[in-house]
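For reference, the structure discussed in these notes is given below.
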Protein chains: 2
Amino acid sequence: MKIYELAAAPSARRVSIFLAEKGIEVERVNVDIRGGENLFDEFQAKSINGRIPVLELNDGSTICESIAICRYFDEMYPSAPSLFGDTPLERANVEMWQRVVEFQGLYTAMQAFRNISGIYKDRENCVESWGHESRQRVVEFLPTLDKQLANSAYIAGDKFSVADITAFVMCGFINNLDITIDEMFPHIQDWYERVSQRPSVQA
Amino acid sequence: MKIYELAAAPSARRVSIFLAEKGIEVERVNVDIRGGENLFDEFQAKSINGRIPVLELNDGSTICESIAICRYFDEMYPSAPSLFGDTPLERANVEMWQRVVEFQGLYTAMQAFRNISGIYKDRENCVESWGHESRQRVVEFLPTLDKQLANSAYIAGDKFSVADITAFVMCGFINNLDITIDEMFPHIQDWYERVSQRPSVQA
């Protein structure tokens, strides 16, 4: 079993923190995205859409998408604490926040970065004005997160979950957009400081 | 227990088909999105981000996000066939395809529609060139779906799953973008025809 990834990418970071939280070790293979290695035939055969990370099982079958990989390990190792919640209501709540943080936060921030920075313009059309609009939407999303963290210790309630991992990675990534979590967002600041202490994110 | 929704919206349709597949009946309340009712204080208190659908439980707590609502019902009614998969590998596979179809298909199509049609321009900035780029990306995604359906009866394998619901709603929605599933995509056509026969989508 091994994971193909680009270690610095937000999606790979999400999987890394998740595995560290669960105490699971998996062989990692770095894929040179910038050099286009993920576009080569061999990698394309492993990945539905040529994207990383990809988990390859011992029988050669593969699972793409960071959250699908996390869920696989969560269910394969049920004895470690679940990061997707335990009861149906907890699991729905984690899914809700994971999705809200991903769609309005991390994914929107990545759209901003891809369209503003132009780093990927050799392989996709960039629309800079959409990049700036996306950046603005990330800024407008932060109060929602701050309000939630005023009422609960973690994003989806009183337990650390995969939604915290997505939000933590997002808060780091938005530095690329010159967005900082300042004193306007005291509850995000407090939560970020607490999550930063976890061994899983310091690895 | 009740669901606040706009019946014609893709997200509400996903929940409707899901509940019909599971054989669950829930009271539905229509929310006038176009009229801005979802922006009113009472609704804002129920929804994290002012969006529909929202499931309100009997104790007044709420769950937003269509897939989170679906997962709640899937886990509350485990005796009905799971639409998220049964084994860890099945569940990872369903999650992978559900995400791929949502991010590259339905969500991208909705971004295309929102930015091209201008219907929401009274409440968000529209970037028409991003709309056209998004439309093109949906077109470029369809071969991935056709290739998968050449090898399996349903999107995530040999069982109908929530990934099929997302893909089915997407295939209907892209008519708004003048994209049709034509003979270029024979496997999508065959699958669409089969799914169209299900009582859950005819309701």
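By order in the structure tokens, chains are A, B, ...; within a chain, residues start at 1; ligands start at 1, following the order shown.
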Please check the contacts: residues of chain B at most 9 Å away from chain A, using only C-alpha atoms, listed as a compact mmCIF listing (two decimals) with N, CA and C atoms, in the first residue's frame.
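Result saved to part-v5.txt:
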# COMPACT_ATOMS: atom_id res chain seq x y z
N ILE B 48 -26.34 27.70 8.31
CA ILE B 48 -25.00 28.27 8.51
C ILE B 48 -24.73 29.38 7.52
N ASN B 49 -25.10 29.15 6.26
CA ASN B 49 -24.68 30.05 5.20
C ASN B 49 -25.85 30.59 4.37
N THR B 62 -30.24 21.88 13.44
CA THR B 62 -30.33 21.84 11.99
C THR B 62 -29.07 21.25 11.35
N ILE B 63 -29.27 20.66 10.18
CA ILE B 63 -28.16 20.15 9.37
C ILE B 63 -28.29 20.75 7.97
N CYS B 64 -27.24 21.43 7.53
CA CYS B 64 -27.20 21.98 6.17
C CYS B 64 -26.38 21.06 5.29
N GLU B 65 -26.40 21.35 4.00
CA GLU B 65 -25.61 20.63 2.99
C GLU B 65 -26.32 19.32 2.61
N SER B 66 -26.68 19.24 1.35
CA SER B 66 -27.47 18.09 0.86
C SER B 66 -26.82 16.75 1.19
N ILE B 67 -25.52 16.63 0.99
CA ILE B 67 -24.87 15.34 1.22
C ILE B 67 -24.82 15.00 2.71
N ALA B 68 -24.69 16.01 3.56
CA ALA B 68 -24.72 15.76 5.00
C ALA B 68 -26.11 15.28 5.42
N ILE B 69 -27.14 15.87 4.83
CA ILE B 69 -28.52 15.44 5.12
C ILE B 69 -28.71 13.99 4.65
N CYS B 70 -28.24 13.69 3.46
CA CYS B 70 -28.36 12.32 2.94
C CYS B 70 -27.63 11.33 3.85
N ARG B 71 -26.44 11.69 4.28
CA ARG B 71 -25.68 10.78 5.13
C ARG B 71 -26.39 10.55 6.47
N TYR B 72 -27.00 11.60 7.00
CA TYR B 72 -27.75 11.46 8.25
C TYR B 72 -28.83 10.39 8.10
N PHE B 73 -29.61 10.48 7.04
CA PHE B 73 -30.69 9.51 6.83
C PHE B 73 -30.14 8.12 6.51
N ASP B 74 -29.03 8.07 5.79
CA ASP B 74 -28.43 6.77 5.47
C ASP B 74 -28.04 6.03 6.75
N GLU B 75 -27.50 6.76 7.70
CA GLU B 75 -27.04 6.12 8.94
C GLU B 75 -28.18 5.91 9.94
N MET B 76 -29.21 6.74 9.87
CA MET B 76 -30.36 6.56 10.75
C MET B 76 -31.22 5.38 10.31
N THR B 87 -18.84 -1.76 2.65
CA THR B 87 -17.50 -2.01 3.20
C THR B 87 -16.68 -0.71 3.17
N PRO B 88 -15.56 -0.67 3.94
CA PRO B 88 -14.68 0.52 3.88
C PRO B 88 -14.26 0.86 2.45
N LEU B 89 -13.93 -0.17 1.65
CA LEU B 89 -13.49 0.09 0.28
C LEU B 89 -14.64 0.64 -0.58
N GLU B 90 -15.82 0.05 -0.42
CA GLU B 90 -16.99 0.56 -1.15
C GLU B 90 -17.28 2.01 -0.75
N ARG B 91 -17.19 2.28 0.54
CA ARG B 91 -17.52 3.63 1.02
C ARG B 91 -16.50 4.66 0.52
N ALA B 92 -15.24 4.24 0.45
CA ALA B 92 -14.21 5.14 -0.09
C ALA B 92 -14.44 5.38 -1.58
N ASN B 93 -14.83 4.32 -2.27
CA ASN B 93 -15.07 4.41 -3.70
C ASN B 93 -16.28 5.31 -4.02
N VAL B 94 -17.33 5.16 -3.23
CA VAL B 94 -18.51 6.02 -3.41
C VAL B 94 -18.14 7.47 -3.12
N GLU B 95 -17.40 7.67 -2.03
CA GLU B 95 -17.00 9.05 -1.68
C GLU B 95 -16.13 9.66 -2.78
N MET B 96 -15.20 8.88 -3.31
CA MET B 96 -14.35 9.36 -4.39
C MET B 96 -15.18 9.82 -5.59
N TRP B 97 -16.06 8.96 -6.06
CA TRP B 97 -16.84 9.31 -7.24
C TRP B 97 -17.84 10.42 -6.96
N ARG B 99 -17.42 12.85 -4.95
CA ARG B 99 -16.65 14.09 -4.95
C ARG B 99 -16.20 14.48 -6.36
N VAL B 100 -15.72 13.53 -7.12
CA VAL B 100 -15.26 13.85 -8.48
C VAL B 100 -16.43 14.39 -9.31
N ASN B 125 -21.15 38.96 -7.24
CA ASN B 125 -20.44 39.41 -8.44
C ASN B 125 -20.33 38.26 -9.42
N CYS B 126 -20.75 38.49 -10.64
CA CYS B 126 -20.66 37.46 -11.68
C CYS B 126 -19.48 37.77 -12.60
N VAL B 127 -18.74 36.73 -12.94
CA VAL B 127 -17.60 36.88 -13.86
C VAL B 127 -17.89 35.98 -15.07
N SER B 129 -16.63 35.45 -17.97
CA SER B 129 -15.58 34.65 -18.61
C SER B 129 -15.27 33.39 -17.79
N TRP B 130 -15.43 33.47 -16.48
CA TRP B 130 -15.27 32.28 -15.65
C TRP B 130 -16.43 31.30 -15.89
N GLU B 133 -15.52 29.46 -19.01
CA GLU B 133 -14.44 28.52 -18.72
C GLU B 133 -14.99 27.31 -17.96
N PHE B 141 -15.08 17.15 -18.80
CA PHE B 141 -15.20 16.13 -17.76
C PHE B 141 -16.01 14.92 -18.24
N THR B 144 -14.53 11.39 -18.90
CA THR B 144 -14.14 10.63 -17.70
C THR B 144 -15.32 9.78 -17.21
N GLN B 148 -15.80 5.61 -17.30
CA GLN B 148 -16.12 4.83 -16.10
C GLN B 148 -17.36 3.96 -16.34
- Item | Residue contacts of B:Ser11 (10 Å, only C-alpha atoms) excluding same-chain residues fewer than 3 positions away, as JSON, numbers by chain | {"B": [5, 6, 7, 8, 14, 15, 16, 51, 52, 53, 65, 66, 67, 106, 166, 169]}
- Message: When you look at stretch 197-202 of chain B with a cut-off of 6 Å (counting only C-alpha atoms), what residues show up, excluding the ones that are within fewer than 6 positions of it in the same chain? I need them as a PyMOL selection string.
- Response: chain B and resi 17+20-21
- Message: Could you tell me how far atom CA of B:Val31 sits from atom CA of B:Asn58, in Å to one decimal place?
- Response: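 Between atom CA of B:Asn58 and atom CA of B:Val31 the gap works out to 18.9 Å.
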Go ahead and align chain A to chain B (same sequence, so just pair every C-alpha in order, least squares) and export the moved chain as a short mmCIF file (atom, residue, chain, number, x, y, z; two decimals) with C-alpha atoms, in the first residue's frame.
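Saved the output as part-v9.cif:
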data_model
loop_
_atom_site.label_atom_id
_atom_site.label_comp_id
_atom_site.auth_asym_id
_atom_site.auth_seq_id
_atom_site.Cartn_x
_atom_site.Cartn_y
_atom_site.Cartn_z
CA MET A 1 -38.62 16.99 11.52
CA LYS A 2 -38.77 18.99 8.26
CA ILE A 3 -36.65 19.99 5.30
CA TYR A 4 -36.49 23.58 4.06
CA GLU A 5 -35.79 23.61 0.34
CA LEU A 6 -36.43 25.07 -3.06
CA ALA A 7 -37.89 22.02 -4.80
CA ALA A 8 -36.50 22.86 -8.24
CA ALA A 9 -32.91 23.41 -7.07
CA PRO A 10 -30.36 20.68 -7.85
CA SER A 11 -29.43 20.29 -4.18
CA ALA A 12 -33.07 19.75 -3.12
CA ARG A 13 -33.52 17.30 -6.00
CA ARG A 14 -30.57 15.26 -4.75
CA VAL A 15 -32.15 14.95 -1.30
CA SER A 16 -35.57 14.10 -2.79
CA ILE A 17 -34.21 11.26 -4.93
CA PHE A 18 -32.15 10.00 -2.00
CA LEU A 19 -35.14 9.88 0.38
CA ALA A 20 -37.27 8.17 -2.28
CA GLU A 21 -34.56 5.54 -2.78
CA LYS A 22 -34.48 4.91 0.96
CA GLY A 23 -38.27 4.98 1.27
CA ILE A 24 -38.26 7.79 3.85
CA GLU A 25 -40.92 10.51 3.99
CA VAL A 26 -40.10 13.89 5.53
CA GLU A 27 -42.18 17.08 5.62
CA ARG A 28 -40.90 19.64 3.10
CA VAL A 29 -41.17 23.43 3.35
CA ASN A 30 -40.55 25.46 0.23
CA VAL A 31 -38.31 28.52 0.72
CA ASP A 32 -38.60 31.37 -1.76
CA ILE A 33 -34.94 31.83 -2.68
CA ARG A 34 -35.58 34.08 -5.65
CA GLY A 35 -37.66 36.35 -3.43
CA GLY A 36 -34.80 36.42 -0.93
CA GLU A 37 -36.68 34.65 1.86
CA ASN A 38 -33.56 32.65 2.67
CA LEU A 39 -31.84 35.89 3.54
CA PHE A 40 -34.32 36.75 6.24
CA ASP A 41 -33.25 36.48 9.85
CA GLU A 42 -35.44 33.51 10.73
CA PHE A 43 -33.97 31.37 7.99
CA GLN A 44 -30.43 32.61 8.61
CA ALA A 45 -30.71 31.30 12.15
CA LYS A 46 -31.40 27.81 10.79
CA SER A 47 -28.75 27.77 8.07
CA ILE A 48 -25.00 28.27 8.50
CA ASN A 49 -24.69 30.06 5.19
CA GLY A 50 -28.24 31.02 4.24
CA ARG A 51 -28.43 28.19 1.72
CA ILE A 52 -30.94 25.41 1.19
CA PRO A 53 -31.66 22.59 1.81
CA VAL A 54 -31.72 22.58 5.61
CA LEU A 55 -32.94 19.67 7.73
CA GLU A 56 -34.51 20.74 11.01
CA LEU A 57 -34.72 18.03 13.67
CA ASN A 58 -37.46 17.84 16.28
CA ASP A 59 -35.23 19.44 18.91
CA GLY A 60 -34.71 22.47 16.63
CA SER A 61 -31.12 21.66 15.69
CA THR A 62 -30.33 21.84 11.98
CA ILE A 63 -28.15 20.16 9.38
CA CYS A 64 -27.19 21.99 6.18
CA GLU A 65 -25.63 20.63 2.99
CA SER A 66 -27.47 18.09 0.87
CA ILE A 67 -24.88 15.33 1.22
CA ALA A 68 -24.72 15.75 5.01
CA ILE A 69 -28.53 15.43 5.13
CA CYS A 70 -28.37 12.31 2.94
CA ARG A 71 -25.69 10.76 5.13
CA TYR A 72 -27.74 11.45 8.26
CA PHE A 73 -30.70 9.50 6.84
CA ASP A 74 -28.43 6.77 5.48
CA GLU A 75 -27.04 6.12 8.96
CA MET A 76 -30.37 6.56 10.77
CA TYR A 77 -31.98 3.93 8.53
CA PRO A 78 -29.27 1.28 8.14
CA SER A 79 -31.83 -1.42 7.34
CA ALA A 80 -32.59 0.15 3.94
CA PRO A 81 -29.79 -0.36 1.40
CA SER A 82 -26.91 2.06 2.02
CA LEU A 83 -26.33 4.53 -0.79
CA PHE A 84 -22.85 5.32 0.58
CA GLY A 85 -21.50 1.76 0.29
CA ASP A 86 -21.18 -1.09 2.80
CA THR A 87 -17.50 -2.02 3.21
CA PRO A 88 -14.68 0.51 3.88
CA LEU A 89 -13.49 0.09 0.29
CA GLU A 90 -16.99 0.56 -1.15
CA ARG A 91 -17.52 3.62 1.02
CA ALA A 92 -14.22 5.15 -0.08
CA ASN A 93 -15.06 4.42 -3.69
CA VAL A 94 -18.50 6.01 -3.41
CA GLU A 95 -16.99 9.04 -1.69
CA MET A 96 -14.33 9.35 -4.38
CA TRP A 97 -16.83 9.31 -7.24
CA GLN A 98 -19.37 11.45 -5.43
CA ARG A 99 -16.65 14.08 -4.95
CA VAL A 100 -15.25 13.84 -8.48
CA VAL A 101 -18.73 14.16 -10.00
CA GLU A 102 -19.60 17.00 -7.65
CA PHE A 103 -16.42 19.10 -8.00
CA GLN A 104 -15.76 18.54 -11.70
CA GLY A 105 -19.39 18.13 -12.75
CA LEU A 106 -22.28 19.56 -10.77
CA TYR A 107 -20.48 22.30 -8.85
CA THR A 108 -18.59 23.46 -11.94
CA ALA A 109 -21.85 23.45 -13.93
CA MET A 110 -23.52 25.55 -11.24
CA GLN A 111 -20.62 28.03 -11.31
CA ALA A 112 -21.03 28.22 -15.08
CA PHE A 113 -24.77 28.86 -14.77
CA ARG A 114 -24.51 31.43 -11.99
CA ASN A 115 -21.81 33.41 -13.79
CA ILE A 116 -23.27 33.23 -17.31
CA SER A 117 -26.98 33.64 -16.61
CA GLY A 118 -26.53 36.54 -14.21
CA ILE A 119 -29.68 35.45 -12.34
CA TYR A 120 -27.95 36.04 -9.01
CA LYS A 121 -26.18 39.25 -10.00
CA ASP A 122 -28.25 41.23 -7.50
CA ARG A 123 -26.53 39.30 -4.70
CA GLU A 124 -23.11 38.22 -5.99
CA ASN A 125 -20.47 39.41 -8.41
CA CYS A 126 -20.67 37.46 -11.66
CA VAL A 127 -17.60 36.89 -13.84
CA GLU A 128 -18.94 35.83 -17.22
CA SER A 129 -15.60 34.66 -18.60
CA TRP A 130 -15.27 32.28 -15.64
CA GLY A 131 -18.76 31.01 -16.45
CA HIS A 132 -17.68 30.11 -19.97
CA GLU A 133 -14.44 28.53 -18.73
CA SER A 134 -16.46 26.47 -16.22
CA ARG A 135 -18.87 25.35 -18.93
CA GLN A 136 -15.92 24.18 -21.01
CA ARG A 137 -14.54 22.21 -18.03
CA VAL A 138 -17.85 20.39 -17.65
CA VAL A 139 -17.68 19.42 -21.34
CA GLU A 140 -14.13 18.16 -20.80
CA PHE A 141 -15.18 16.13 -17.76
CA LEU A 142 -17.84 14.08 -19.56
CA PRO A 143 -15.37 11.62 -21.20
CA THR A 144 -14.14 10.64 -17.70
CA LEU A 145 -17.69 9.70 -16.78
CA ASP A 146 -18.32 7.89 -20.06
CA LYS A 147 -15.12 5.87 -19.63
CA GLN A 148 -16.11 4.84 -16.11
CA LEU A 149 -19.60 3.80 -17.24
CA ALA A 150 -18.10 1.70 -20.02
CA ASN A 151 -16.68 -0.51 -17.26
CA SER A 152 -19.35 -0.52 -14.57
CA ALA A 153 -23.13 -0.48 -14.38
CA TYR A 154 -23.21 2.49 -12.03
CA ILE A 155 -20.86 5.39 -11.32
CA ALA A 156 -19.10 3.85 -8.32
CA GLY A 157 -19.40 0.18 -9.28
CA ASP A 158 -22.15 -2.40 -9.67
CA LYS A 159 -24.49 -0.80 -7.11
CA PHE A 160 -26.57 2.35 -7.38
CA SER A 161 -25.17 4.98 -4.97
CA VAL A 162 -25.33 8.62 -4.00
CA ALA A 163 -22.70 9.26 -6.71
CA ASP A 164 -25.34 8.25 -9.30
CA ILE A 165 -27.77 10.74 -7.81
CA THR A 166 -25.24 13.56 -8.08
CA ALA A 167 -24.36 12.56 -11.66
CA PHE A 168 -28.03 12.21 -12.66
CA VAL A 169 -28.91 15.64 -11.32
CA MET A 170 -25.84 17.06 -13.07
CA CYS A 171 -26.83 15.53 -16.42
CA GLY A 172 -30.23 17.20 -16.12
CA PHE A 173 -28.81 20.52 -14.96
CA ILE A 174 -26.35 20.93 -17.84
CA ASN A 175 -29.30 21.38 -20.21
CA ASN A 176 -29.29 24.91 -18.80
CA LEU A 177 -25.84 25.30 -20.34
CA ASP A 178 -26.90 23.84 -23.70
CA ILE A 179 -24.80 20.75 -23.06
CA THR A 180 -26.48 17.51 -24.10
CA ILE A 181 -25.42 13.93 -23.52
CA ASP A 182 -25.33 12.90 -27.16
CA GLU A 183 -24.02 9.82 -29.01
CA MET A 184 -20.47 10.93 -28.22
CA PHE A 185 -21.18 9.48 -24.76
CA PRO A 186 -23.00 6.18 -25.36
CA HIS A 187 -22.28 4.77 -21.90
CA ILE A 188 -23.61 7.86 -20.12
CA GLN A 189 -26.67 7.71 -22.39
CA ASP A 190 -27.32 4.07 -21.50
CA TRP A 191 -26.84 4.68 -17.77
CA TYR A 192 -29.03 7.82 -17.86
CA GLU A 193 -31.81 5.88 -19.54
CA ARG A 194 -31.62 3.16 -16.86
CA VAL A 195 -31.58 5.63 -13.96
CA SER A 196 -34.50 7.54 -15.51
CA GLN A 197 -36.62 4.39 -15.07
CA ARG A 198 -36.18 4.35 -11.30
CA PRO A 199 -39.32 5.29 -9.36
CA SER A 200 -37.22 7.60 -7.14
CA VAL A 201 -36.43 9.99 -10.00
CA GLN A 202 -39.91 9.90 -11.52
CA ALA A 203 -41.59 11.19 -8.36
#
- Apply DSSP to the backbone of this structure and, from stretch 36-158 of chain A, keep only the residues in alpha helix (DSSP H); write these as an MDAnalysis selection string. chainID A and resid 41:46 66:76 88:100 107:117 128:151
- Task: Would you mind writing down, as a ChimeraX atom specification, each residue of stretch 28-155 of chain B that DSSP on the backbone assigns to strand (DSSP E)?
- Result: /B:28-30,54-56,62-64
Those residues with all heavy atoms, as a tab-separated table (two decimals), in the first residue's frame please?
chain	number	residue	atom	x	y	z
B	28	ARG	N	-41.73	18.66	3.85
B	28	ARG	CA	-40.90	19.63	3.10
B	28	ARG	C	-41.54	21.01	3.17
B	28	ARG	O	-42.76	21.13	3.02
B	28	ARG	CB	-40.79	19.21	1.63
B	28	ARG	CG	-40.68	17.71	1.42
B	28	ARG	CD	-39.37	17.19	1.98
B	28	ARG	NE	-38.31	17.39	1.03
B	28	ARG	CZ	-37.94	16.45	0.14
B	28	ARG	NH1	-38.56	15.29	0.11
B	28	ARG	NH2	-36.96	16.69	-0.67
B	29	VAL	N	-40.71	22.04	3.34
B	29	VAL	CA	-41.18	23.42	3.36
B	29	VAL	C	-40.45	24.17	2.25
B	29	VAL	O	-39.22	24.22	2.24
B	29	VAL	CB	-40.87	24.09	4.72
B	29	VAL	CG1	-41.37	25.53	4.73
B	29	VAL	CG2	-41.48	23.30	5.86
B	30	ASN	N	-41.20	24.75	1.32
B	30	ASN	CA	-40.56	25.47	0.24
B	30	ASN	C	-40.11	26.87	0.70
B	30	ASN	O	-40.85	27.57	1.37
B	30	ASN	CB	-41.53	25.60	-0.95
B	30	ASN	CG	-40.80	25.41	-2.28
B	30	ASN	OD1	-40.01	24.48	-2.42
B	30	ASN	ND2	-41.03	26.29	-3.23
B	54	VAL	N	-32.05	22.67	4.18
B	54	VAL	CA	-31.73	22.57	5.61
B	54	VAL	C	-32.68	21.55	6.24
B	54	VAL	O	-33.89	21.65	6.05
B	54	VAL	CB	-31.91	23.93	6.32
B	54	VAL	CG1	-31.71	23.78	7.82
B	54	VAL	CG2	-30.96	24.98	5.76
B	55	LEU	N	-32.14	20.62	6.96
B	55	LEU	CA	-32.95	19.65	7.72
B	55	LEU	C	-33.06	20.16	9.14
B	55	LEU	O	-32.04	20.43	9.79
B	55	LEU	CB	-32.28	18.28	7.71
B	55	LEU	CG	-32.86	17.23	8.67
B	55	LEU	CD1	-34.29	16.85	8.30
B	55	LEU	CD2	-31.96	15.99	8.72
B	56	GLU	N	-34.31	20.32	9.62
B	56	GLU	CA	-34.53	20.73	11.00
B	56	GLU	C	-35.03	19.53	11.78
B	56	GLU	O	-36.05	18.94	11.43
B	56	GLU	CB	-35.53	21.88	11.06
B	56	GLU	CG	-35.72	22.44	12.46
B	56	GLU	CD	-36.60	23.69	12.45
B	56	GLU	OE1	-37.70	23.65	11.85
B	56	GLU	OE2	-36.21	24.70	13.02
B	62	THR	N	-30.24	21.88	13.44
B	62	THR	CA	-30.33	21.84	11.99
B	62	THR	C	-29.07	21.25	11.35
B	62	THR	O	-27.98	21.34	11.91
B	62	THR	CB	-30.55	23.25	11.40
B	62	THR	OG1	-29.55	24.12	11.91
B	62	THR	CG2	-31.93	23.78	11.76
B	63	ILE	N	-29.27	20.66	10.18
B	63	ILE	CA	-28.16	20.15	9.37
B	63	ILE	C	-28.29	20.75	7.97
B	63	ILE	O	-29.33	20.62	7.33
B	63	ILE	CB	-28.19	18.62	9.27
B	63	ILE	CG1	-28.08	17.98	10.67
B	63	ILE	CG2	-27.06	18.11	8.36
B	63	ILE	CD1	-28.40	16.50	10.68
B	64	CYS	N	-27.24	21.43	7.53
B	64	CYS	CA	-27.20	21.98	6.17
B	64	CYS	C	-26.38	21.06	5.29
B	64	CYS	O	-25.72	20.16	5.77
B	64	CYS	CB	-26.52	23.35	6.16
B	64	CYS	SG	-27.19	24.52	7.32
